[in-house]
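Student: Dropping in my_file.pdb, with PDB, C-alpha atoms and all ligand atoms.
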MODEL        1
ATOM      1  CA  MET A   1       0.000   0.000   0.000
ATOM      2  CA  ALA A   2       3.029   2.259   0.142
ATOM      3  CA  THR A   3       3.380   2.697  -3.574
ATOM      4  CA  THR A   4       3.639   6.268  -4.751
ATOM      5  CA  LYS A   5       2.054   5.587  -8.130
ATOM      6  CA  SER A   6      -1.187   3.692  -8.459
ATOM      7  CA  ARG A   7      -0.658   1.577 -11.514
ATOM      8  CA  ILE A   8      -3.628  -0.412 -12.697
ATOM      9  CA  PRO A   9      -4.020  -2.384 -15.900
ATOM     10  CA  ILE A  10      -5.565  -0.532 -18.854
ATOM     11  CA  ARG A  11      -8.324  -3.127 -19.069
ATOM     12  CA  LYS A  12      -9.372  -2.527 -15.457
ATOM     13  CA  LEU A  13      -9.265   1.234 -15.951
ATOM     14  CA  ALA A  14     -11.437   0.909 -19.075
ATOM     15  CA  ILE A  15     -14.006  -1.187 -17.177
ATOM     16  CA  VAL A  16     -14.136   1.307 -14.287
ATOM     17  CA  LEU A  17     -14.511   4.216 -16.720
ATOM     18  CA  LEU A  18     -17.291   2.436 -18.626
ATOM     19  CA  ILE A  19     -19.215   1.770 -15.408
ATOM     20  CA  LEU A  20     -18.769   5.377 -14.274
ATOM     21  CA  ILE A  21     -19.846   6.704 -17.677
ATOM     22  CA  LEU A  22     -22.972   4.552 -17.832
ATOM     23  CA  SER A  23     -24.035   5.148 -14.225
ATOM     24  CA  ASN A  24     -23.482   8.889 -14.470
ATOM     25  CA  PHE A  25     -25.183   9.090 -17.841
ATOM     26  CA  PHE A  26     -28.309   7.244 -16.742
ATOM     27  CA  GLY A  27     -28.303   8.772 -13.261
ATOM     28  CA  GLY A  28     -27.985  12.287 -14.652
ATOM     29  CA  SER A  29     -30.651  11.661 -17.298
ATOM     30  CA  LEU A  30     -33.129  10.296 -14.766
ATOM     31  CA  LEU A  31     -32.577  13.180 -12.357
ATOM     32  CA  ALA A  32     -32.964  15.684 -15.192
ATOM     33  CA  VAL A  33     -36.174  14.044 -16.410
ATOM     34  CA  TYR A  34     -37.817  13.618 -13.023
ATOM     35  CA  TYR A  35     -36.505  16.540 -11.004
ATOM     36  CA  ASN A  36     -34.751  19.424 -12.631
ATOM     37  CA  GLN A  37     -32.958  20.204 -15.860
ATOM     38  CA  VAL A  38     -30.100  21.542 -13.769
ATOM     39  CA  PHE A  39     -29.073  17.906 -13.407
ATOM     40  CA  LEU A  40     -28.259  17.854 -17.130
ATOM     41  CA  TRP A  41     -24.947  19.359 -16.073
ATOM     42  CA  ILE A  42     -24.115  16.006 -14.496
ATOM     43  CA  LEU A  43     -23.971  14.690 -18.064
ATOM     44  CA  ALA A  44     -20.802  16.707 -18.611
ATOM     45  CA  LEU A  45     -19.014  14.167 -16.416
ATOM     46  CA  PRO A  46     -19.703  11.057 -18.539
ATOM     47  CA  ILE A  47     -18.740  13.075 -21.625
ATOM     48  CA  ALA A  48     -15.417  13.990 -20.043
ATOM     49  CA  LEU A  49     -14.917  10.394 -18.901
ATOM     50  CA  SER A  50     -15.700   9.170 -22.437
ATOM     51  CA  LEU A  51     -13.014  11.435 -23.841
ATOM     52  CA  TRP A  52     -10.596  10.009 -21.271
ATOM     53  CA  LEU A  53     -11.651   6.474 -22.194
ATOM     54  CA  VAL A  54     -11.112   6.852 -25.943
ATOM     55  CA  SER A  55      -7.774   8.562 -25.332
ATOM     56  CA  LEU A  56      -6.422   5.542 -23.449
ATOM     57  CA  ARG A  57      -3.317   4.248 -25.145
ATOM     58  CA  CYS A  58      -1.360   1.054 -25.149
ATOM     59  CA  PRO A  59       1.305   1.552 -22.467
ATOM     60  CA  ARG A  60       3.907  -0.171 -24.614
ATOM     61  CA  CYS A  61       3.507   1.187 -28.139
ATOM     62  CA  ARG A  62       1.300   4.249 -27.424
ATOM     63  CA  LYS A  63      -1.365   3.227 -29.929
ATOM     64  CA  PRO A  64      -4.891   4.329 -28.862
ATOM     65  CA  ILE A  65      -6.630   1.144 -27.674
ATOM     66  CA  TYR A  66      -9.883   1.917 -29.510
ATOM     67  CA  LYS A  67      -8.209   2.767 -32.782
ATOM     68  CA  LYS A  68      -8.292  -0.282 -35.013
ATOM     69  CA  VAL A  69      -6.511  -0.899 -38.257
ATOM     70  CA  LYS A  70      -7.719  -3.508 -40.707
ATOM     71  CA  VAL A  71      -6.252  -4.440 -44.049
ATOM     72  CA  VAL A  72      -8.819  -5.706 -46.563
ATOM     73  CA  PHE A  73      -7.658  -6.616 -50.079
ATOM     74  CA  GLY A  74      -4.538  -4.584 -49.599
ATOM     75  CA  VAL A  75      -6.426  -1.477 -48.512
ATOM     76  CA  THR A  76      -5.831  -0.253 -44.982
ATOM     77  CA  PHE A  77      -8.874   0.894 -43.031
ATOM     78  CA  THR A  78      -8.639   2.784 -39.784
ATOM     79  CA  TYR A  79     -11.658   2.908 -37.537
ATOM     80  CA  TRP A  80     -12.542   3.623 -33.943
ATOM     81  CA  GLY A  81     -14.350   1.296 -31.616
ATOM     82  CA  GLY A  82     -15.213  -2.226 -32.599
ATOM     83  CA  PHE A  83     -17.450  -4.923 -31.226
ATOM     84  CA  ASN A  84     -15.564  -5.351 -27.986
ATOM     85  CA  PRO A  85     -15.872  -2.310 -25.692
ATOM     86  CA  ILE A  86     -12.947  -3.584 -23.630
ATOM     87  CA  PRO A  87     -10.110  -4.831 -25.838
ATOM     88  CA  ASP A  88      -8.063  -7.730 -24.449
ATOM     89  CA  LYS A  89      -4.784  -6.828 -26.026
ATOM     90  CA  CYS A  90      -3.116  -4.342 -28.277
ATOM     91  CA  ASP A  91      -3.664  -5.228 -31.919
ATOM     92  CA  ARG A  92      -0.320  -3.722 -32.868
ATOM     93  CA  CYS A  93       2.119  -5.081 -30.296
ATOM     94  CA  GLN A  94      -0.094  -7.740 -28.628
ATOM     95  CA  PHE A  95       0.458  -6.241 -25.189
ATOM     96  CA  ASP A  96      -2.009  -7.766 -22.699
ATOM     97  CA  PHE A  97      -4.202  -4.954 -21.342
ATOM     98  CA  GLY A  98      -4.959  -7.077 -18.284
ATOM     99  CA  LYS A  99      -1.365  -6.678 -17.167
ATOM    100  CA  ILE A 100       0.449  -3.775 -15.620
ATOM    101  CA  TYR A 101       3.088  -2.378 -17.917
ATOM    102  CA  GLN A 102       6.626  -2.812 -16.688
ATOM    103  CA  SER A 103       9.854  -1.553 -18.147
ATOM    104  CA  LYS A 104      10.934  -5.102 -18.978
ATOM    105  CA  ASP A 105       7.980  -5.313 -21.374
ATOM    106  CA  ALA A 106       9.394  -2.486 -23.412
ATOM    107  CA  ILE A 107       9.967  -3.088 -27.083
ATOM    108  CA  SER A 108      11.389  -0.739 -29.610
ATOM    109  CA  VAL A 109       8.660   0.349 -31.988
ATOM    110  CA  GLY A 110       9.997   2.807 -34.498
ATOM    111  CA  SER A 111      12.066   5.196 -32.450
ATOM    112  CA  ASN A 112      14.154   4.707 -29.348
ATOM    113  CA  LYS A 113      13.846   8.329 -28.300
ATOM    114  CA  ASN A 114      11.720   7.917 -25.219
ATOM    115  CA  LEU A 115      13.371   4.838 -23.793
ATOM    116  CA  GLU A 116      14.075   5.189 -20.107
ATOM    117  CA  GLN A 117      17.682   5.317 -19.085
ATOM    118  CA  ARG A 118      18.228   3.126 -16.057
ATOM    119  CA  GLY A 119      21.236   2.324 -13.922
TER     120      GLY A 119
HETATM  121 ZN    ZN B   1       0.645  -1.812 -28.208
ENDMDL
END
Translate this file's structure into structure tokens.
Tutor:
Amino acid sequence: MATTKSRIPIRKLAIVLLILILSNFFGGSLLAVYYNQVFLWILALPIALSLWLVSLRCPRCRKPIYKKVKVVFGVTFTYWGGFNPIPDKCDRCQFDFGKIYQSKDAISVGSNKNLEQRG
């Protein structure tokens, strides 16, 4: 419990964010419908959380986890989302989003500029 940084797996963070987004969205909507339209301001929270969610990146190769690339007949398509709201692993570097990223997992993708210097 004495860790300075709380490091949780991307997959867990995505699940927590999804639950928060849904509960705030429905909670805020219900309050606005039944009580007061002032509660519509609560909906700003799930919107902000959604932006955070879609900006989540693979900790290893920095690719946004909801950005998918598919090659069909030699043509590359890039799209956001997909059928699975919580991806299991990175589709570029196969990093398991259920795991906590550690420096030993590092691979060199493209540039070596932001590699940590240790020792
Ligand atoms: Zn990756």
Student: Take the PyMOL selection byres (((chain A and resi 25) around 12) and not hetatm), apply it to the structure above, and return the hits as a PyMOL selection string.
Tutor: chain A and resi 17-24+26-32+39-50
Student: Which one of A:Ile8, A:Val33, A:Val75, A:Cys58 sits closest to ligand ZN 1 (chain B) if you count only C-alpha atoms and all ligand atoms?
Tutor: A:Cys58
Student: Around ligand ZN 1 (chain B), which protein and nucleic acid residues have at least one atom no more than 12 Å from it, if we count all atoms listed in the file? List them as an MDAnalysis selection string.
Tutor: chainID A and resid 10 56:68 87:97 101 105:109
Student: May I have the selected residues written with C-alpha atoms, as a short mmCIF file (atom, residue, chain, number, x, y, z; two decimals), keeping the file's coordinate frame?
Tutor:
data_model
loop_
_atom_site.label_atom_id
_atom_site.label_comp_id
_atom_site.auth_asym_id
_atom_site.auth_seq_id
_atom_site.Cartn_x
_atom_site.Cartn_y
_atom_site.Cartn_z
CA ILE A 10 -5.56 -0.53 -18.85
CA LEU A 56 -6.42 5.54 -23.45
CA ARG A 57 -3.32 4.25 -25.14
CA CYS A 58 -1.36 1.05 -25.15
CA PRO A 59 1.30 1.55 -22.47
CA ARG A 60 3.91 -0.17 -24.61
CA CYS A 61 3.51 1.19 -28.14
CA ARG A 62 1.30 4.25 -27.42
CA LYS A 63 -1.36 3.23 -29.93
CA PRO A 64 -4.89 4.33 -28.86
CA ILE A 65 -6.63 1.14 -27.67
CA TYR A 66 -9.88 1.92 -29.51
CA LYS A 67 -8.21 2.77 -32.78
CA LYS A 68 -8.29 -0.28 -35.01
CA PRO A 87 -10.11 -4.83 -25.84
CA ASP A 88 -8.06 -7.73 -24.45
CA LYS A 89 -4.78 -6.83 -26.03
CA CYS A 90 -3.12 -4.34 -28.28
CA ASP A 91 -3.66 -5.23 -31.92
CA ARG A 92 -0.32 -3.72 -32.87
CA CYS A 93 2.12 -5.08 -30.30
CA GLN A 94 -0.09 -7.74 -28.63
CA PHE A 95 0.46 -6.24 -25.19
CA ASP A 96 -2.01 -7.77 -22.70
CA PHE A 97 -4.20 -4.95 -21.34
CA TYR A 101 3.09 -2.38 -17.92
CA ASP A 105 7.98 -5.31 -21.37
CA ALA A 106 9.39 -2.49 -23.41
CA ILE A 107 9.97 -3.09 -27.08
CA SER A 108 11.39 -0.74 -29.61
CA VAL A 109 8.66 0.35 -31.99
#
Student: Give the answer as one residue: which of A:Ile100, A:Val16, A:Val38, A:Val71 has the shortest atom-to-atom distance to A:Leu53, using all atoms listed in the file?
Tutor: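 Of all the options, A:Val16 lies closest to A:Leu53.
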Student: Please indicate the distance in Å from atom CA of A:Ser103 to atom CA of A:Ile86, rounded to one decimal place.
Tutor: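 Taking atom CA of A:Ser103 as the start and atom CA of A:Ile86 as the end point, the length is 23.5 Å.
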Student: What is the atom CA of A:Gly98-atom CA of A:Ser55 distance in Å, reported with one decimal?
Tutor: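 Spanning atom CA of A:Gly98 to atom CA of A:Ser55 is a straight-line distance of 17.4 Å.
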Student: How many Å separate atom CA of A:Thr78 from atom CA of A:Gln102?
Tutor: 28.2 Å
Student: With 4 Å of padding per side, what axis-aligned box (centre and edge lengths, Å, one decimal) covers all the listed atoms of stretch 37-47 of chain A? Give it as AutoDock Vina command-line options.
Tutor:
--center_x -25.8 --center_y 16.3 --center_z -17.5 --size_x 22.2 --size_y 18.5 --size_z 16.2
